[in-house]
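Dumped run.cif below, it's mmCIF, C-alpha atoms:
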```cif
data_run
loop_
_atom_site.label_atom_id
_atom_site.label_comp_id
_atom_site.auth_asym_id
_atom_site.auth_seq_id
_atom_site.Cartn_x
_atom_site.Cartn_y
_atom_site.Cartn_z
CA MET V 44 -144.89 14.53 -94.23
CA LEU V 45 -146.60 11.70 -96.08
CA LEU V 46 -146.45 11.96 -99.85
CA ALA V 47 -149.64 11.50 -101.83
CA GLY V 48 -149.78 8.72 -104.37
CA ASP V 49 -149.71 4.97 -104.63
CA PHE V 50 -146.73 2.64 -104.84
CA ALA V 51 -145.81 0.60 -107.93
CA GLU V 52 -143.47 -2.18 -108.88
CA PHE V 53 -142.64 -2.87 -112.50
CA GLY V 54 -141.21 -6.37 -112.86
CA VAL V 55 -142.45 -8.41 -109.89
CA PHE V 56 -141.08 -11.89 -110.67
CA ARG V 57 -141.69 -13.92 -107.47
CA GLY V 58 -142.74 -10.96 -105.32
CA GLY V 59 -139.75 -10.52 -103.00
CA THR V 60 -139.49 -6.76 -103.47
CA ALA V 61 -143.27 -6.43 -103.46
CA LEU V 62 -143.25 -8.06 -100.03
CA LEU V 63 -140.51 -5.68 -98.81
CA THR V 64 -142.60 -2.76 -100.08
CA ALA V 65 -145.86 -4.08 -98.65
CA GLU V 66 -144.61 -4.68 -95.09
CA PRO V 67 -144.08 -0.99 -94.17
CA LEU V 68 -147.43 -0.08 -95.75
CA ARG V 69 -149.12 -2.70 -93.55
CA GLU V 70 -147.20 -1.68 -90.43
CA ALA V 71 -148.22 1.95 -90.92
CA GLY V 72 -151.83 1.02 -91.65
CA ASP V 73 -151.38 2.78 -94.98
CA PRO V 74 -154.31 2.10 -97.31
CA ARG V 75 -152.55 3.21 -100.51
CA ALA V 76 -152.42 0.73 -103.35
CA LEU V 77 -149.38 -1.25 -104.36
CA HIS V 78 -149.62 -1.68 -108.14
CA LEU V 79 -147.79 -4.77 -109.40
CA PHE V 80 -146.97 -4.89 -113.10
CA ASP V 81 -145.61 -8.14 -114.55
CA SER V 82 -146.37 -10.62 -117.30
CA PHE V 83 -146.01 -13.46 -114.78
CA ALA V 84 -145.04 -15.44 -117.89
CA GLY V 85 -141.44 -14.34 -118.40
CA MET V 86 -139.67 -11.80 -120.58
CA PRO V 87 -141.11 -10.41 -123.80
CA GLU V 88 -139.05 -10.41 -126.99
CA THR V 89 -135.70 -8.80 -126.33
CA SER V 90 -133.46 -6.70 -128.56
CA ALA V 91 -129.81 -6.90 -129.55
CA GLY V 92 -127.28 -6.50 -126.77
CA GLU V 93 -129.55 -7.74 -124.00
CA ALA V 94 -128.53 -10.70 -121.87
CA PHE V 95 -132.01 -12.18 -121.66
CA SER V 96 -134.32 -14.01 -124.04
CA ALA V 97 -138.07 -14.18 -124.45
CA GLY V 98 -139.50 -16.39 -121.72
CA ASP V 99 -136.68 -15.90 -119.20
CA PHE V 100 -137.97 -15.42 -115.62
CA ASP V 101 -141.06 -17.53 -116.27
CA GLN V 102 -140.66 -19.43 -112.97
CA THR V 103 -143.45 -17.46 -111.31
CA SER V 104 -147.18 -16.89 -111.39
CA GLU V 105 -149.63 -14.26 -110.29
CA ALA V 106 -151.21 -16.83 -107.97
CA ALA V 107 -147.87 -17.47 -106.22
CA VAL V 108 -147.27 -13.75 -105.66
CA ARG V 109 -150.85 -13.29 -104.41
CA LYS V 110 -150.25 -16.12 -101.94
CA LEU V 111 -146.98 -14.55 -100.79
CA LEU V 112 -148.64 -11.18 -100.16
CA ALA V 113 -151.91 -12.48 -98.69
CA PRO V 114 -150.71 -12.58 -95.05
CA VAL V 115 -149.59 -8.95 -95.30
CA GLY V 116 -153.07 -7.77 -96.24
CA VAL V 117 -151.84 -4.89 -98.36
CA ASN V 118 -153.99 -3.23 -101.03
CA ALA V 119 -152.21 -5.01 -103.92
CA ARG V 120 -153.50 -4.47 -107.43
CA PHE V 121 -152.19 -6.88 -110.02
CA HIS V 122 -151.71 -5.82 -113.62
CA ALA V 123 -150.79 -9.02 -115.46
CA GLY V 124 -149.46 -8.69 -118.98
CA PHE V 125 -146.54 -7.24 -120.84
CA ILE V 126 -145.36 -3.69 -120.25
CA PRO V 127 -146.69 -1.27 -121.52
CA ASP V 128 -149.89 -3.10 -122.58
CA THR V 129 -151.29 -3.05 -119.04
CA PHE V 130 -150.72 0.68 -118.40
CA PRO V 131 -153.85 2.19 -120.01
CA GLU V 132 -156.25 0.22 -117.81
CA ALA V 133 -154.22 0.43 -114.58
CA GLY V 134 -156.00 3.46 -113.15
CA VAL V 135 -152.86 4.94 -111.59
CA ALA V 136 -153.27 8.69 -111.00
CA ALA V 137 -150.33 9.51 -108.73
CA LEU V 138 -147.27 7.66 -107.44
CA ALA V 139 -145.12 8.28 -104.38
CA PHE V 140 -142.80 5.37 -105.13
CA ALA V 141 -141.93 3.30 -108.19
CA HIS V 142 -139.55 0.34 -108.31
CA VAL V 143 -138.44 -0.49 -111.85
CA ASP V 144 -136.94 -3.97 -112.26
CA VAL V 145 -137.61 -4.86 -115.88
CA ASP V 146 -134.05 -5.53 -117.16
CA LEU V 147 -134.71 -4.46 -120.77
CA TYR V 148 -134.09 -1.17 -122.58
CA GLN V 149 -137.56 -0.64 -124.04
CA SER V 150 -139.33 -1.79 -120.90
CA VAL V 151 -137.37 0.73 -118.79
CA ILE V 152 -138.25 3.52 -121.25
CA ASP V 153 -141.92 2.50 -121.15
CA CYS V 154 -141.93 2.45 -117.33
CA VAL V 155 -140.37 5.91 -117.08
CA GLU V 156 -142.81 7.32 -119.65
CA PHE V 157 -145.69 5.94 -117.57
CA ALA V 158 -144.47 6.47 -114.01
CA TYR V 159 -142.53 9.74 -114.13
CA PRO V 160 -145.50 11.99 -115.07
CA ARG V 161 -147.48 10.41 -112.22
CA LEU V 162 -144.66 10.71 -109.68
CA VAL V 163 -145.43 13.42 -107.12
CA ALA V 164 -142.80 15.98 -106.10
CA GLY V 165 -140.49 14.23 -103.64
CA GLY V 166 -141.51 10.84 -105.03
CA ILE V 167 -138.83 8.25 -105.64
CA MET V 168 -138.07 5.94 -108.53
CA ILE V 169 -135.63 3.09 -107.98
CA PHE V 170 -133.99 1.42 -110.98
CA ASP V 171 -133.00 -2.02 -109.78
CA ASP V 172 -130.80 -3.08 -112.69
CA TYR V 173 -128.78 0.11 -113.12
CA GLY V 174 -125.33 -1.06 -112.06
CA PHE V 175 -125.34 -4.66 -113.22
CA PRO V 176 -123.36 -5.68 -116.33
CA SER V 177 -126.07 -8.15 -117.37
CA CYS V 178 -128.47 -5.20 -117.68
CA ALA V 179 -126.30 -2.61 -119.43
CA ARG V 180 -129.16 -1.69 -121.76
CA ALA V 181 -131.39 -0.97 -118.72
CA ARG V 182 -128.79 1.51 -117.49
CA GLU V 183 -128.58 3.04 -120.96
CA ALA V 184 -132.37 3.43 -121.01
CA THR V 185 -132.45 5.00 -117.55
CA ASP V 186 -129.77 7.53 -118.49
CA GLN V 187 -131.49 8.27 -121.80
CA ALA V 188 -134.87 8.75 -120.14
CA PHE V 189 -133.48 11.50 -117.91
CA VAL V 190 -131.29 13.34 -120.43
CA SER V 191 -133.89 16.07 -120.92
CA ARG V 192 -135.31 16.04 -117.38
CA ARG V 193 -134.05 18.06 -114.43
CA GLU V 194 -133.54 14.98 -112.30
CA LYS V 195 -130.59 12.69 -112.92
CA PRO V 196 -130.13 9.12 -111.72
CA ILE V 197 -128.13 8.82 -108.51
CA TYR V 198 -126.01 5.68 -108.53
CA LEU V 199 -126.27 3.71 -105.29
CA PRO V 200 -123.51 1.43 -103.96
CA THR V 201 -125.99 -1.47 -104.06
CA GLY V 202 -126.04 -1.34 -107.87
CA GLN V 203 -129.37 0.43 -108.17
CA ALA V 204 -130.04 4.03 -109.13
CA MET V 205 -132.53 6.44 -107.59
CA VAL V 206 -134.35 9.46 -108.92
CA ILE V 207 -136.17 11.88 -106.61
CA LYS V 208 -138.69 14.03 -108.45
CA LEU V 209 -138.07 17.73 -107.97
CA PRO V 210 -140.94 20.14 -107.29
#
```

Have the structure of the file written as structure tokens, please.
Amino acid sequence: MLLAGDFAEFGVFRGGTALLTAEPLREAGDPRALHLFDSFAGMPETSAGEAFSAGDFDQTSEAAVRKLLAPVGVNARFHAGFIPDTFPEAGVAALAFAHVDVDLYQSVIDCVEFAYPRLVAGGIMIFDDYGFPSCARAREATDQAFVSRREKPIYLPTGQAMVIKLP
């Protein structure tokens, strides 16, 4: 059974995961949108205890990611700007899949607050930074975001965590 809803990636950087997400959509002839949220200008201001600084990961551009995805021909929708500033105008109604790779505590919280209510039953959220010491605050944010929800993050041996939305 095919889940309703679009796909989203929060924290695109150079587009590697976006490409991995886009390929199966193309192969299946799936017309759903792949929403790509990133500043394409590096990290925003960070808070205490985070391993990154403002401007880190600025070695990218929206144009470079567009060029990378162009041969795939997927329905990519770019939302350039800092999270959560781009959320109100994104036009995302429902999500089947969300990949969160934003490294920072507040950005993870913002992504969950945006994506989780739109995630359809059976939909999946992947938290890329969950098991990595350099992103301990991202793990803290993921755990905190699900304290009062029925779903709990499932730690994967790859270092990520997964949440499957319950009906």

Residues matched by the PyMOL selection byres ((chain V and resi 75-86) around 8) as an mmCIF file with C-alpha atoms, in the frame of the given file:
```
data_model
loop_
_atom_site.group_PDB
_atom_site.id
_atom_site.type_symbol
_atom_site.label_atom_id
_atom_site.label_comp_id
_atom_site.auth_asym_id
_atom_site.auth_seq_id
_atom_site.Cartn_x
_atom_site.Cartn_y
_atom_site.Cartn_z
ATOM 1 C CA GLY V 48 -149.780 8.720 -104.370
ATOM 2 C CA ASP V 49 -149.710 4.970 -104.630
ATOM 3 C CA PHE V 50 -146.730 2.640 -104.840
ATOM 4 C CA ALA V 51 -145.810 0.600 -107.930
ATOM 5 C CA GLU V 52 -143.470 -2.180 -108.880
ATOM 6 C CA PHE V 53 -142.640 -2.870 -112.500
ATOM 7 C CA GLY V 54 -141.210 -6.370 -112.860
ATOM 8 C CA VAL V 55 -142.450 -8.410 -109.890
ATOM 9 C CA PHE V 56 -141.080 -11.890 -110.670
ATOM 10 C CA ALA V 61 -143.270 -6.430 -103.460
ATOM 11 C CA ALA V 65 -145.860 -4.080 -98.650
ATOM 12 C CA LEU V 68 -147.430 -0.080 -95.750
ATOM 13 C CA ASP V 73 -151.380 2.780 -94.980
ATOM 14 C CA PRO V 74 -154.310 2.100 -97.310
ATOM 15 C CA PRO V 87 -141.110 -10.410 -123.800
ATOM 16 C CA GLU V 88 -139.050 -10.410 -126.990
ATOM 17 C CA THR V 89 -135.700 -8.800 -126.330
ATOM 18 C CA PHE V 95 -132.010 -12.180 -121.660
ATOM 19 C CA SER V 96 -134.320 -14.010 -124.040
ATOM 20 C CA ALA V 97 -138.070 -14.180 -124.450
ATOM 21 C CA GLY V 98 -139.500 -16.390 -121.720
ATOM 22 C CA ASP V 99 -136.680 -15.900 -119.200
ATOM 23 C CA PHE V 100 -137.970 -15.420 -115.620
ATOM 24 C CA ASP V 101 -141.060 -17.530 -116.270
ATOM 25 C CA GLN V 102 -140.660 -19.430 -112.970
ATOM 26 C CA THR V 103 -143.450 -17.460 -111.310
ATOM 27 C CA SER V 104 -147.180 -16.890 -111.390
ATOM 28 C CA GLU V 105 -149.630 -14.260 -110.290
ATOM 29 C CA VAL V 117 -151.840 -4.890 -98.360
ATOM 30 C CA ASN V 118 -153.990 -3.230 -101.030
ATOM 31 C CA ALA V 119 -152.210 -5.010 -103.920
ATOM 32 C CA ARG V 120 -153.500 -4.470 -107.430
ATOM 33 C CA PHE V 121 -152.190 -6.880 -110.020
ATOM 34 C CA HIS V 122 -151.710 -5.820 -113.620
ATOM 35 C CA ALA V 123 -150.790 -9.020 -115.460
ATOM 36 C CA GLY V 124 -149.460 -8.690 -118.980
ATOM 37 C CA PHE V 125 -146.540 -7.240 -120.840
ATOM 38 C CA ILE V 126 -145.360 -3.690 -120.250
ATOM 39 C CA THR V 129 -151.290 -3.050 -119.040
#
```

Next on the checklist: Under the rule that all atoms listed in the file are counted, which of V:Leu112, V:Ala164, V:Ile169, V:Ala181 is the nearest residue to V:Val145?
Outcome noted: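 Nearest candidate to V:Val145 out of V:Leu112, V:Ala164, V:Ile169, V:Ala181: V:Ala181.
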
Item to check | Matched chain/residue IDs from the PyMOL selection byres ((chain V and resi 194-199) around 9), as a list in words | outcome: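 For this structure, the PyMOL selection byres ((chain V and resi 194-199) around 9) resolves to Ile169, Phe170, Tyr173, Gly174, Thr185, Asp186, Phe189, Val190, Ser191, Arg192, Arg193, Pro200, Thr201, Gly202, Gln203, Ala204, Met205, Val206, Ile207, Lys208 and Leu209 of chain V.
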
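A straight line drawn from atom CA of V:Cys154 to atom CA of V:Pro114 is 28.3 Å long.
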
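For the set V:Ala133, V:Ser90, V:Gln187, V:Leu162, the residue with the smallest atom-to-atom gap to V:Asp146 is V:Ser90, counting all atoms listed in the file.
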
Checklist entry - Rounded to one decimal in Å, what is the spacing between atom CA of V:Gly58 and atom CA of V:Cys178? => result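 A separation of 19.7 Å between them.
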
Next on the checklist: One decimal, in Å: what's the spacing between atom CA of V:Leu46 and atom CA of V:Arg161?
Outcome noted: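 Separating atom CA of V:Leu46 from atom CA of V:Arg161 is a distance of 12.5 Å.
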
Kindly list the centre and edge lengths in Å, rounded to one decimal, for the axis-aligned box that covers all listed atoms of stretch 127-143 of chain V plus 4 Å on each of its six sides, as AutoDock Vina command-line options.
```
--center_x -147.3 --center_y 3.2 --center_z -113.5 --size_x 25.8 --size_y 20.6 --size_z 26.2
```

Item to check | Expansion of the PyMOL selection byres ((chain V and resi 160) around 10) into residues, as a PyMOL selection string | outcome: chain V and resi 136-138+155-159+161-163+208

Item to check | Pick from V:Ala106, V:Ala139, V:Ala94, V:Ala71 nearest to V:Phe175, counting only C-alpha atoms | outcome: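 Closest residue, counting only C-alpha atoms: V:Ala94.
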
What would stretch 163-176 of chain V look like with N, CA and C atoms restored, written as a compact mmCIF listing (two decimals), keeping the file's coordinate frame?
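Ended up saving to part_5.txt:
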```
# COMPACT_ATOMS: atom_id res chain seq x y z
N VAL V 163 -145.22 12.15 -107.80
CA VAL V 163 -145.43 13.42 -107.12
C VAL V 163 -144.07 14.02 -106.75
N ALA V 164 -144.04 15.33 -106.53
CA ALA V 164 -142.80 15.98 -106.10
C ALA V 164 -142.31 15.32 -104.81
N GLY V 165 -141.06 14.95 -104.77
CA GLY V 165 -140.49 14.23 -103.64
C GLY V 165 -140.61 12.72 -103.78
N GLY V 166 -141.37 12.27 -104.78
CA GLY V 166 -141.51 10.84 -105.03
C GLY V 166 -140.22 10.23 -105.53
N ILE V 167 -140.08 8.94 -105.34
CA ILE V 167 -138.83 8.25 -105.64
C ILE V 167 -139.07 7.13 -106.65
N MET V 168 -138.15 7.07 -107.61
CA MET V 168 -138.07 5.94 -108.53
C MET V 168 -136.75 5.23 -108.27
N ILE V 169 -136.81 3.92 -108.12
CA ILE V 169 -135.63 3.09 -107.98
C ILE V 169 -135.49 2.25 -109.25
N PHE V 170 -134.29 2.23 -109.80
CA PHE V 170 -133.99 1.42 -110.98
C PHE V 170 -133.08 0.28 -110.54
N ASP V 171 -133.67 -0.89 -110.41
CA ASP V 171 -133.00 -2.02 -109.78
C ASP V 171 -131.78 -2.51 -110.54
N ASP V 172 -131.82 -2.44 -111.86
CA ASP V 172 -130.80 -3.08 -112.69
C ASP V 172 -129.67 -2.14 -113.12
N TYR V 173 -129.63 -0.95 -112.60
CA TYR V 173 -128.78 0.11 -113.12
C TYR V 173 -127.29 -0.24 -113.16
N GLY V 174 -126.78 -0.84 -112.14
CA GLY V 174 -125.33 -1.06 -112.06
C GLY V 174 -124.86 -2.46 -112.38
N PHE V 175 -125.70 -3.27 -112.99
CA PHE V 175 -125.34 -4.66 -113.22
C PHE V 175 -124.97 -4.90 -114.68
N PRO V 176 -123.81 -5.47 -114.95
CA PRO V 176 -123.36 -5.68 -116.33
C PRO V 176 -124.36 -6.46 -117.19
```
